[in-house]
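Colleague: Dropping in input_24.txt, which is compact mmCIF, C-alpha atoms and all ligand atoms:
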# COMPACT_ATOMS: atom_id res chain seq x y z
CA MET A 1 -16.32 -36.63 -3.18
CA THR A 2 -17.62 -36.49 0.41
CA ASP A 3 -20.82 -34.62 1.13
CA ARG A 4 -19.46 -32.83 4.17
CA LEU A 5 -16.31 -31.03 3.04
CA ARG A 6 -13.63 -29.59 5.27
CA ILE A 7 -12.29 -26.33 3.84
CA ALA A 8 -9.10 -24.53 4.83
CA ILE A 9 -8.74 -20.83 3.96
CA ASN A 10 -5.72 -18.55 4.09
CA THR A 11 -4.92 -14.98 3.04
CA GLY A 12 -1.45 -14.33 1.62
CA GLY A 13 0.65 -11.44 0.30
CA GLY A 14 -0.06 -7.75 0.97
CA ASP A 15 -3.47 -7.15 2.53
CA ALA A 16 -6.33 -5.54 0.62
CA PRO A 17 -9.67 -4.11 1.81
CA GLY A 18 -12.27 -6.84 1.30
CA LEU A 19 -10.28 -9.82 2.61
CA ASN A 20 -12.60 -10.15 5.59
CA ALA A 21 -15.61 -10.07 3.29
CA VAL A 22 -14.17 -13.04 1.34
CA ILE A 23 -13.59 -14.92 4.61
CA TYR A 24 -17.16 -14.13 5.66
CA ALA A 25 -18.70 -15.31 2.38
CA VAL A 26 -16.63 -18.51 2.27
CA THR A 27 -17.62 -19.33 5.86
CA MET A 28 -21.31 -18.58 5.40
CA ALA A 29 -21.66 -20.34 2.04
CA ALA A 30 -19.79 -23.41 3.30
CA HIS A 31 -21.81 -23.64 6.53
CA ARG A 32 -25.07 -23.42 4.59
CA ARG A 33 -23.94 -26.60 2.83
CA GLY A 34 -23.10 -28.27 6.13
CA TRP A 35 -19.34 -28.03 5.51
CA GLU A 36 -16.61 -27.02 7.96
CA VAL A 37 -14.19 -24.11 7.48
CA TYR A 38 -10.83 -23.62 9.21
CA GLY A 39 -8.85 -20.37 9.18
CA ILE A 40 -5.13 -20.74 8.50
CA GLN A 41 -3.11 -17.98 10.20
CA SER A 42 -0.43 -15.86 8.49
CA GLY A 43 -0.60 -17.10 4.92
CA TYR A 44 0.97 -20.51 4.40
CA ALA A 45 2.89 -20.35 7.71
CA GLY A 46 -0.25 -21.52 9.54
CA LEU A 47 -0.07 -24.81 7.67
CA LEU A 48 3.51 -25.35 8.87
CA ASP A 49 2.73 -24.58 12.51
CA THR A 50 -0.92 -25.52 12.86
CA SER A 51 -1.24 -24.58 16.54
CA LYS A 52 -3.24 -21.39 15.89
CA MET A 53 -5.63 -22.90 13.35
CA ALA A 54 -9.24 -22.27 14.40
CA PRO A 55 -12.68 -23.16 13.08
CA LEU A 56 -14.50 -20.35 11.31
CA THR A 57 -18.16 -20.37 12.21
CA PRO A 58 -20.97 -17.94 11.33
CA GLU A 59 -20.68 -16.61 14.90
CA ARG A 60 -16.91 -16.09 14.57
CA VAL A 61 -17.16 -14.13 11.30
CA SER A 62 -20.23 -12.14 12.25
CA GLY A 63 -19.65 -8.41 11.75
CA ILE A 64 -16.23 -8.63 10.03
CA VAL A 65 -17.29 -7.48 6.53
CA PRO A 66 -16.76 -3.70 7.07
CA TYR A 67 -13.25 -4.12 8.46
CA GLY A 68 -10.02 -3.67 6.53
CA GLY A 69 -7.10 -6.07 6.93
CA THR A 70 -7.65 -9.78 7.50
CA ILE A 71 -8.65 -11.61 10.65
CA LEU A 72 -6.35 -14.43 9.52
CA GLY A 73 -3.22 -12.30 9.23
CA THR A 74 -0.99 -12.35 6.17
CA THR A 75 2.61 -12.14 5.08
CA ASN A 76 4.53 -11.65 1.87
CA ARG A 77 7.51 -13.62 3.17
CA GLY A 78 5.73 -16.93 3.57
CA ASP A 79 6.78 -19.06 0.60
CA PRO A 80 6.92 -22.65 1.99
CA PHE A 81 9.08 -23.67 -1.00
CA HIS A 82 11.67 -21.06 0.02
CA ARG A 83 11.83 -20.79 3.81
CA PRO A 84 14.78 -19.07 5.47
CA VAL A 85 16.90 -21.52 7.45
CA PRO A 86 17.00 -20.16 11.03
CA GLY A 87 20.45 -18.94 11.99
CA VAL A 88 21.89 -19.33 8.46
CA PRO A 89 21.45 -16.01 6.61
CA GLY A 90 20.90 -16.40 2.87
CA GLU A 91 20.05 -20.14 3.14
CA PHE A 92 16.58 -21.38 2.21
CA ARG A 93 14.85 -24.75 2.21
CA ASP A 94 11.70 -26.34 0.80
CA GLU A 95 9.19 -27.09 3.59
CA SER A 96 6.20 -27.66 1.34
CA GLY A 97 6.17 -31.37 2.27
CA VAL A 98 5.18 -30.41 5.83
CA ILE A 99 2.21 -28.48 4.46
CA VAL A 100 1.02 -31.44 2.41
CA GLU A 101 1.42 -33.72 5.42
CA ASN A 102 -0.47 -31.34 7.77
CA PHE A 103 -3.22 -30.71 5.22
CA ARG A 104 -3.85 -34.45 4.91
CA ARG A 105 -3.46 -35.18 8.62
CA LEU A 106 -6.09 -32.53 9.47
CA GLY A 107 -8.49 -34.05 6.95
CA PHE A 108 -8.90 -31.01 4.71
CA ASP A 109 -10.49 -31.44 1.30
CA VAL A 110 -9.79 -28.08 -0.35
CA LEU A 111 -7.61 -25.04 0.35
CA VAL A 112 -9.17 -21.69 -0.56
CA ALA A 113 -6.10 -19.54 -1.19
CA VAL A 114 -6.89 -15.82 -1.22
CA GLY A 115 -3.91 -13.98 -2.62
CA GLY A 116 -2.06 -12.20 -5.37
CA ASP A 117 0.26 -13.57 -8.00
CA GLY A 118 2.83 -14.84 -5.49
CA SER A 119 0.29 -16.63 -3.27
CA LEU A 120 -1.53 -18.12 -6.27
CA SER A 121 1.78 -19.38 -7.70
CA ILE A 122 2.45 -21.13 -4.38
CA ALA A 123 -1.12 -22.51 -4.45
CA HIS A 124 -0.47 -23.91 -7.90
CA LYS A 125 2.76 -25.58 -6.79
CA LEU A 126 0.92 -27.08 -3.80
CA SER A 127 -1.81 -28.36 -6.14
CA GLN A 128 0.92 -30.16 -8.09
CA LYS A 129 1.88 -31.87 -4.82
CA GLY A 130 -1.68 -33.09 -4.33
CA ILE A 131 -3.44 -30.30 -2.40
CA PRO A 132 -6.74 -29.41 -4.12
CA VAL A 133 -6.92 -25.60 -4.26
CA VAL A 134 -9.33 -22.90 -5.36
CA GLY A 135 -7.80 -19.43 -5.64
CA VAL A 136 -9.43 -16.06 -5.00
CA PRO A 137 -7.56 -13.16 -6.63
CA LYS A 138 -6.58 -10.28 -4.37
CA THR A 139 -4.57 -7.12 -4.93
CA ILE A 140 -5.15 -3.41 -4.68
CA ASP A 141 -2.95 -3.10 -7.80
CA ASN A 142 -5.65 -4.70 -10.04
CA ASP A 143 -2.85 -6.24 -12.11
CA LEU A 144 -3.88 -9.91 -11.92
CA ALA A 145 -4.60 -11.53 -15.28
CA GLY A 146 -7.84 -13.35 -16.04
CA THR A 147 -10.15 -11.21 -13.89
CA LEU A 148 -11.56 -7.84 -14.87
CA GLN A 149 -11.04 -6.52 -11.36
CA THR A 150 -9.76 -7.56 -7.95
CA PHE A 151 -11.34 -6.46 -4.67
CA GLY A 152 -9.37 -3.80 -2.80
CA PHE A 153 -8.66 -1.82 -5.95
CA ASP A 154 -11.80 0.32 -5.73
CA THR A 155 -11.03 1.20 -2.10
CA ALA A 156 -7.41 2.08 -2.93
CA VAL A 157 -8.57 4.31 -5.79
CA SER A 158 -11.14 6.00 -3.51
CA THR A 159 -8.47 6.67 -0.88
CA ALA A 160 -6.09 8.07 -3.51
CA THR A 161 -8.82 10.23 -5.08
CA ASP A 162 -9.78 11.59 -1.67
CA ALA A 163 -6.11 12.48 -1.09
CA LEU A 164 -5.96 14.29 -4.46
CA ASP A 165 -9.06 16.32 -3.58
CA LYS A 166 -7.47 17.35 -0.29
CA LEU A 167 -4.12 18.12 -1.86
CA GLY A 168 -5.81 20.28 -4.49
CA SER A 169 -6.98 22.83 -1.94
CA THR A 170 -3.58 23.24 -0.31
CA ALA A 171 -1.82 23.25 -3.72
CA ALA A 172 -4.14 26.03 -4.92
CA SER A 173 -3.65 28.10 -1.75
CA HIS A 174 0.14 27.94 -2.06
CA GLU A 175 0.30 27.96 -5.88
CA ARG A 176 2.35 24.78 -5.77
CA VAL A 177 2.59 21.61 -7.77
CA MET A 178 1.92 18.51 -5.68
CA VAL A 179 3.44 15.28 -6.97
CA VAL A 180 1.67 12.26 -5.49
CA GLU A 181 3.09 8.74 -5.67
CA VAL A 182 0.60 5.89 -5.61
CA MET A 183 1.03 2.11 -5.49
CA GLY A 184 0.45 -0.35 -8.32
CA ARG A 185 3.80 -2.04 -8.94
CA TYR A 186 4.27 -2.56 -12.71
CA ALA A 187 0.75 -1.40 -13.65
CA GLY A 188 -0.78 2.06 -13.60
CA TRP A 189 -4.40 1.25 -12.68
CA ILE A 190 -4.49 3.10 -9.34
CA ALA A 191 -2.71 6.15 -10.78
CA LEU A 192 -4.94 6.26 -13.85
CA ASN A 193 -8.29 5.86 -12.12
CA SER A 194 -7.51 8.18 -9.20
CA GLY A 195 -5.77 10.74 -11.41
CA ALA A 196 -8.72 10.85 -13.81
CA SER A 197 -11.28 11.09 -10.98
CA GLY A 198 -9.21 13.65 -9.06
CA SER A 199 -8.65 15.91 -12.11
CA ALA A 200 -4.87 15.58 -12.12
CA ASP A 201 -2.90 17.66 -14.61
CA ALA A 202 -0.57 14.78 -15.41
CA ILE A 203 -0.67 11.04 -14.76
CA LEU A 204 2.53 9.04 -15.11
CA ILE A 205 2.13 5.27 -15.43
CA PRO A 206 4.51 2.38 -16.21
CA GLU A 207 2.68 1.64 -19.47
CA VAL A 208 3.53 5.09 -20.91
CA PRO A 209 7.20 6.10 -20.42
CA PHE A 210 7.20 9.85 -19.75
CA GLU A 211 9.30 12.83 -20.78
CA ILE A 212 9.63 15.33 -17.95
CA ASP A 213 9.64 18.22 -20.45
CA LYS A 214 6.15 17.23 -21.56
CA VAL A 215 4.97 17.21 -17.94
CA CYS A 216 6.52 20.66 -17.44
CA ALA A 217 4.84 21.89 -20.62
CA ARG A 218 1.51 20.91 -19.09
CA ILE A 219 2.33 22.85 -15.91
CA ALA A 220 3.34 25.87 -18.03
CA GLU A 221 0.06 25.66 -19.91
CA ASN A 222 -1.77 25.84 -16.58
CA GLU A 223 0.09 29.05 -15.75
CA ARG A 224 -0.78 30.57 -19.11
CA HIS A 225 -4.44 29.93 -18.37
CA GLY A 226 -4.17 31.44 -14.91
CA LYS A 227 -4.16 28.16 -12.97
CA ARG A 228 -1.09 28.53 -10.80
CA TRP A 229 -1.16 25.12 -9.14
CA GLY A 230 -1.14 21.55 -10.27
CA ILE A 231 -1.42 17.90 -9.33
CA VAL A 232 0.79 15.21 -10.84
CA VAL A 233 -0.04 11.58 -10.01
CA VAL A 234 2.87 9.18 -10.40
CA ALA A 235 2.57 5.41 -10.23
CA GLU A 236 5.40 3.91 -8.19
CA GLY A 237 6.48 1.94 -11.29
CA ALA A 238 6.43 4.88 -13.74
CA THR A 239 9.65 5.40 -15.68
CA PRO A 240 11.10 8.25 -17.69
CA LYS A 241 11.59 7.43 -21.38
CA GLY A 242 14.85 5.47 -21.65
CA GLY A 243 15.18 5.42 -17.84
CA ALA A 244 14.69 2.82 -15.14
CA MET A 245 12.21 2.25 -12.33
CA VAL A 246 13.13 3.83 -9.01
CA THR A 247 13.65 1.19 -6.35
CA ARG A 248 14.48 1.24 -2.68
CA ALA A 249 17.10 -0.84 -0.91
CA PRO A 250 15.65 -4.25 -0.10
CA ALA A 251 14.43 -4.56 3.47
CA ALA A 252 16.54 -7.00 5.47
CA ASP A 253 13.57 -9.34 5.85
CA GLY A 254 14.34 -12.11 3.39
CA ARG A 255 12.01 -10.80 0.67
CA THR A 256 13.36 -11.25 -2.82
CA GLU A 257 10.85 -8.91 -4.50
CA VAL A 258 12.03 -5.49 -5.67
CA ILE A 259 10.65 -2.64 -3.53
CA LEU A 260 9.50 0.28 -5.69
CA GLY A 261 9.35 3.87 -4.53
CA GLY A 262 10.90 7.30 -4.79
CA ILE A 263 9.87 8.41 -8.28
CA ALA A 264 7.62 11.26 -7.00
CA GLU A 265 10.49 12.98 -5.26
CA GLN A 266 12.57 12.87 -8.45
CA VAL A 267 9.72 14.17 -10.62
CA ALA A 268 9.02 17.01 -8.17
CA ALA A 269 12.70 18.05 -8.10
CA GLU A 270 12.84 18.09 -11.92
CA ILE A 271 9.66 20.17 -12.18
CA THR A 272 11.12 22.77 -9.81
CA ARG A 273 14.45 22.78 -11.66
CA ARG A 274 12.86 23.24 -15.07
CA THR A 275 9.92 25.53 -14.28
CA GLY A 276 10.92 27.31 -11.09
CA LYS A 277 7.57 26.26 -9.57
CA GLU A 278 7.48 25.37 -5.93
CA THR A 279 6.69 21.66 -5.61
CA ARG A 280 6.04 19.16 -2.85
CA SER A 281 5.98 15.39 -3.18
CA LEU A 282 4.34 12.75 -1.08
CA VAL A 283 4.01 8.99 -1.12
CA LEU A 284 0.53 7.72 -0.21
CA GLY A 285 1.98 4.28 0.55
CA HIS A 286 0.12 1.84 2.75
CA LEU A 287 -2.77 4.24 3.39
CA GLN A 288 -4.05 2.80 0.12
CA ARG A 289 -4.21 -0.69 1.60
CA GLY A 290 -6.01 0.26 4.79
CA GLY A 291 -9.51 1.08 5.91
CA SER A 292 -12.99 -0.18 5.34
CA PRO A 293 -13.71 -1.60 1.88
CA THR A 294 -16.00 0.45 -0.35
CA THR A 295 -19.46 -0.94 -1.05
CA PHE A 296 -18.22 -2.05 -4.47
CA ASP A 297 -15.29 -3.96 -2.94
CA ARG A 298 -17.45 -5.53 -0.23
CA LEU A 299 -19.89 -6.87 -2.77
CA LEU A 300 -17.13 -8.00 -5.13
CA ALA A 301 -15.30 -9.76 -2.28
CA LEU A 302 -18.52 -11.44 -1.08
CA ARG A 303 -19.16 -12.59 -4.65
CA PHE A 304 -15.61 -14.00 -4.93
CA GLY A 305 -15.98 -15.90 -1.65
CA ALA A 306 -19.42 -17.32 -2.42
CA ALA A 307 -18.34 -18.24 -5.95
CA ALA A 308 -15.31 -20.12 -4.57
CA ILE A 309 -17.63 -22.34 -2.53
CA ARG A 310 -20.04 -22.82 -5.45
CA LEU A 311 -17.14 -23.85 -7.70
CA ILE A 312 -15.92 -26.32 -5.06
CA ALA A 313 -19.45 -27.75 -4.80
CA GLU A 314 -19.51 -28.17 -8.58
CA GLY A 315 -16.25 -30.15 -8.39
CA HIS A 316 -13.79 -27.51 -9.67
CA ARG A 317 -10.23 -27.77 -8.35
CA ASN A 318 -6.98 -25.93 -9.13
CA VAL A 319 -8.83 -22.96 -10.56
CA MET A 320 -9.05 -19.28 -9.69
CA VAL A 321 -12.36 -17.47 -9.40
CA ALA A 322 -12.43 -14.69 -12.00
CA PHE A 323 -14.75 -11.70 -12.28
CA ARG A 324 -16.03 -11.61 -15.84
CA PRO A 325 -19.14 -9.45 -15.52
CA PRO A 326 -21.89 -10.32 -15.16
CA GLU A 327 -20.50 -13.68 -14.05
CA MET A 328 -17.92 -15.21 -11.76
CA VAL A 329 -16.13 -17.97 -13.64
CA ALA A 330 -13.39 -20.56 -13.05
CA VAL A 331 -10.05 -20.15 -14.83
CA PRO A 332 -7.11 -22.57 -14.52
CA ILE A 333 -4.51 -21.07 -12.15
CA PRO A 334 -1.57 -21.66 -14.56
CA ASP A 335 -3.38 -19.45 -17.13
CA VAL A 336 -3.20 -16.42 -14.86
CA ILE A 337 0.00 -16.60 -12.80
CA SER A 338 3.16 -14.70 -13.76
CA LYS A 339 1.21 -12.48 -16.15
CA THR A 340 0.71 -8.80 -15.39
CA LYS A 341 -2.55 -7.16 -16.49
CA LYS A 342 -1.39 -3.76 -17.66
CA VAL A 343 -3.43 -0.69 -18.56
CA PRO A 344 -4.15 -0.81 -22.32
CA VAL A 345 -2.69 2.43 -23.64
CA ASP A 346 -5.67 2.92 -25.93
CA SER A 347 -8.23 2.23 -23.18
CA ASP A 348 -11.30 4.42 -22.94
CA THR A 349 -10.13 5.86 -19.61
CA ILE A 350 -6.83 6.94 -21.19
CA LEU A 351 -8.71 8.49 -24.12
CA THR A 352 -11.04 10.25 -21.68
CA CYS A 353 -8.05 11.68 -19.79
CA ARG A 354 -6.49 12.91 -23.01
CA ASP A 355 -9.78 14.59 -23.92
CA MET A 356 -9.73 16.29 -20.52
CA GLY A 357 -6.26 17.64 -21.30
CA ILE A 358 -4.50 15.38 -18.80
CA SER A 359 -0.89 14.76 -19.83
CA PHE A 360 0.76 11.33 -19.71
CA GLY A 361 4.13 12.94 -20.34
CA ASP A 362 4.27 11.46 -23.85
O1 LIG B 1 0.96 -5.47 -4.32
C1 LIG B 1 0.44 -4.61 -3.38
C2 LIG B 1 1.45 -3.59 -2.93
O2 LIG B 1 0.80 -2.72 -2.04
C3 LIG B 1 2.14 -2.83 -4.06
O3 LIG B 1 1.31 -1.84 -4.61
C4 LIG B 1 3.37 -2.32 -3.36
O4 LIG B 1 4.43 -2.11 -4.27
C5 LIG B 1 3.71 -3.44 -2.42
O5 LIG B 1 2.53 -4.20 -2.23
C6 LIG B 1 4.22 -2.98 -1.09
O6 LIG B 1 4.58 -4.09 -0.33
P1 LIG B 1 4.92 -4.03 1.22
O7 LIG B 1 3.63 -4.09 1.98
O8 LIG B 1 5.75 -5.24 1.45
O9 LIG B 1 5.66 -2.77 1.48
How does this structure look as structure tokens?
Ligand code: F6P

Modeller:
Amino acid sequence: MTDRLRIAINTGGGDAPGLNAVIYAVTMAAHRRGWEVYGIQSGYAGLLDTSKMAPLTPERVSGIVPYGGTILGTTNRGDPFHRPVPGVPGEFRDESGVIVENFRRLGFDVLVAVGGDGSLSIAHKLSQKGIPVVGVPKTIDNDLAGTLQTFGFDTAVSTATDALDKLGSTAASHERVMVVEVMGRYAGWIALNSGASGSADAILIPEVPFEIDKVCARIAENERHGKRWGIVVVAEGATPKGGAMVTRAPAADGRTEVILGGIAEQVAAEITRRTGKETRSLVLGHLQRGGSPTTFDRLLALRFGAAAIRLIAEGHRNVMVAFRPPEMVAVPIPDVISKTKKVPVDSDTILTCRDMGISFGD
């Protein structure tokens, strides 16, 4: 191993508050060791067209920690193993060889891949083609296996909880039920943590298929006790018992992933139909991905970035940094990809909600 390493770093998949803090920590920790860091633009695309690649120096990253988004840009359509062929709709080709060639030509030693399941799966495939990688897990959904928490999740939960607080006052004034859809894909972490913190009346998550009658019963109980308004938090992946997830038509952008969304509107319509209560639904959407990271997320992201460099210095390759409090540890990437970390239905937070009288529609 050379003493003076040359590190490449990219951010892939949907953005999450804290990405800039990871970039900052990687840059600072690497420079302290006398290493070089290069920022790859737009996920893996910046290793196909390397024209915008730029050195990351302490001066360049100074002041970026409080900012949401990523100074490197990102995309969730950037799989180099499955690139759309220009001018031939529906045709794809494998361009990963170009990445391997460019990585070697530019003299990089390790790629720090900051991303979710999709980006880490690509990182693993690149490692099999000879690119040494260290992954940093990222997603607001908190559904990545192997790590207790991902950065971005705490900020998303704070944003959702703040929205619930605000919606409570208007719901109470109008004696309405507000049905709020939050992100999370196939896991209910954001819905559960924001719903518990925001005193929701019902929380519907993918891990607990719901019965709309049970949700309505909870609303009726409110009325009996003189509370004439309510808040229902619905995870985008929540499903009625025996039903299916609500999906939207795929965007015409070459993405193969299912796009979730629309369940809140359906739940609100059913509540009105069955209880006669006036309801409104809203989808918090990408608000949850934006804004300045919370203090917790900043620190977690800084710890992920610094740990990535420490692991590289110790000789680790083809691993993901995992948060296993109180430590940051290395786990093999194949152990964590394609596994969804779901909310355990007997978790203490679920039990706490049940003790508070919050319904899961079960
Ligand atoms: O995985 C993060 C996430 O925000 C999910 O919660 C959501 O389903 C999805 O990404 C939205 O993706 P896009 O930004 O492509 O709309």

Colleague: Hey, which residues come within 7 Å of ligand LIG 1 (chain B) if we count all atoms listed in the file? Could you give them as a ChimeraX atom specification?

Modeller: /A:14,76,139-141,183-185,259-260,286,289

Colleague: Counting all atoms listed in the file, which of A:Ile71, A:Ile40, A:Ala308, A:Ala145 gets nearest to A:Phe103?

Modeller: A:Ile40

Colleague: In Å, with one decimal, what is the gap from atom CA of A:Val215 to atom CA of A:Asp348?

Modeller: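 Computed distance, atom CA of A:Val215 to atom CA of A:Asp348, equals 21.3 Å.
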
Colleague: Would you mind telling me which residue in A:Leu72, A:Ile203, A:Leu47, A:Val345 lies nearest to A:Val180 when using all atoms listed in the file?

Modeller: A:Ile203

Colleague: Where does stretch 122-233 of chain A meet stretch 333-336 of chain A within 10 Å, residue by residue, with the nearest atom pair and distance in Å to one decimal for each, counting all atoms listed in the file, listed by chain and rising number, as JSON lines?

Modeller:
{"residue": "A:Ala123", "atom": "CA", "partner": "A:Ile333", "partner_atom": "CA", "distance": 8.5}
{"residue": "A:His124", "atom": "CA", "partner": "A:Ile333", "partner_atom": "CA", "distance": 6.5}
{"residue": "A:Lys125", "atom": "CA", "partner": "A:Pro334", "partner_atom": "CA", "distance": 9.7}
{"residue": "A:Ser127", "atom": "CA", "partner": "A:Ile333", "partner_atom": "CA", "distance": 9.8}
{"residue": "A:Val133", "atom": "CA", "partner": "A:Ile333", "partner_atom": "CA", "distance": 9.4}
{"residue": "A:Val134", "atom": "CA", "partner": "A:Ile333", "partner_atom": "CA", "distance": 8.5}
{"residue": "A:Gly135", "atom": "CA", "partner": "A:Ile333", "partner_atom": "CA", "distance": 7.5}
{"residue": "A:Pro137", "atom": "CA", "partner": "A:Val336", "partner_atom": "CA", "distance": 9.9}
{"residue": "A:Leu144", "atom": "CA", "partner": "A:Val336", "partner_atom": "CA", "distance": 7.2}
{"residue": "A:Ala145", "atom": "CA", "partner": "A:Val336", "partner_atom": "CA", "distance": 5.1}
{"residue": "A:Gly146", "atom": "CA", "partner": "A:Val336", "partner_atom": "CA", "distance": 5.7}
{"residue": "A:Thr147", "atom": "CA", "partner": "A:Val336", "partner_atom": "CA", "distance": 8.7}

Colleague: Can you tell me, as a JSON list (two decimals) with C-alpha atoms, in the frame of the given file, which residues sit within 10 Å of (-14.2, -1.7, 6.3) in the file's frame, using all atoms listed in the file?

Modeller:
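Output saved as selection_18.json:
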[["chain", "number", "residue", "atom", "x", "y", "z"],
["A", 17, "PRO", "CA", -9.67, -4.11, 1.81],
["A", 18, "GLY", "CA", -12.27, -6.84, 1.30],
["A", 19, "LEU", "CA", -10.28, -9.82, 2.61],
["A", 20, "ASN", "CA", -12.60, -10.15, 5.59],
["A", 21, "ALA", "CA", -15.61, -10.07, 3.29],
["A", 64, "ILE", "CA", -16.23, -8.63, 10.03],
["A", 65, "VAL", "CA", -17.29, -7.48, 6.53],
["A", 66, "PRO", "CA", -16.76, -3.70, 7.07],
["A", 67, "TYR", "CA", -13.25, -4.12, 8.46],
["A", 68, "GLY", "CA", -10.02, -3.67, 6.53],
["A", 69, "GLY", "CA", -7.10, -6.07, 6.93],
["A", 155, "THR", "CA", -11.03, 1.20, -2.10],
["A", 290, "GLY", "CA", -6.01, 0.26, 4.79],
["A", 291, "GLY", "CA", -9.51, 1.08, 5.91],
["A", 292, "SER", "CA", -12.99, -0.18, 5.34],
["A", 293, "PRO", "CA", -13.71, -1.60, 1.88],
["A", 294, "THR", "CA", -16.00, 0.45, -0.35],
["A", 295, "THR", "CA", -19.46, -0.94, -1.05],
["A", 297, "ASP", "CA", -15.29, -3.96, -2.94],
["A", 298, "ARG", "CA", -17.45, -5.53, -0.23]]

Colleague: Which neighbours of stretch 231-241 of chain A fall inside 9 Å, counting only C-alpha atoms, when residues of the same chain fewer than 2 positions from it are skipped, and could you give them as a PyMOL selection string?

Modeller: chain A and resi 164+167-168+171+176-192+194-195+198-212+215+229+243-247+260-264+267-268+283+361-362

Colleague: Which residues are near A:Pro80? Cut-off 9 Å, all atoms listed in the file, ignore same chain within fewer than 5 positions. Put them as a list of chain:residue names.

Modeller: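 Using all atoms listed in the file, the neighbours found are A:Tyr44, A:Ala45, A:Leu48, A:Arg93, A:Asp94, A:Glu95, A:Ser96, A:Gly97, A:Val98, A:Ile99, A:Ile122.
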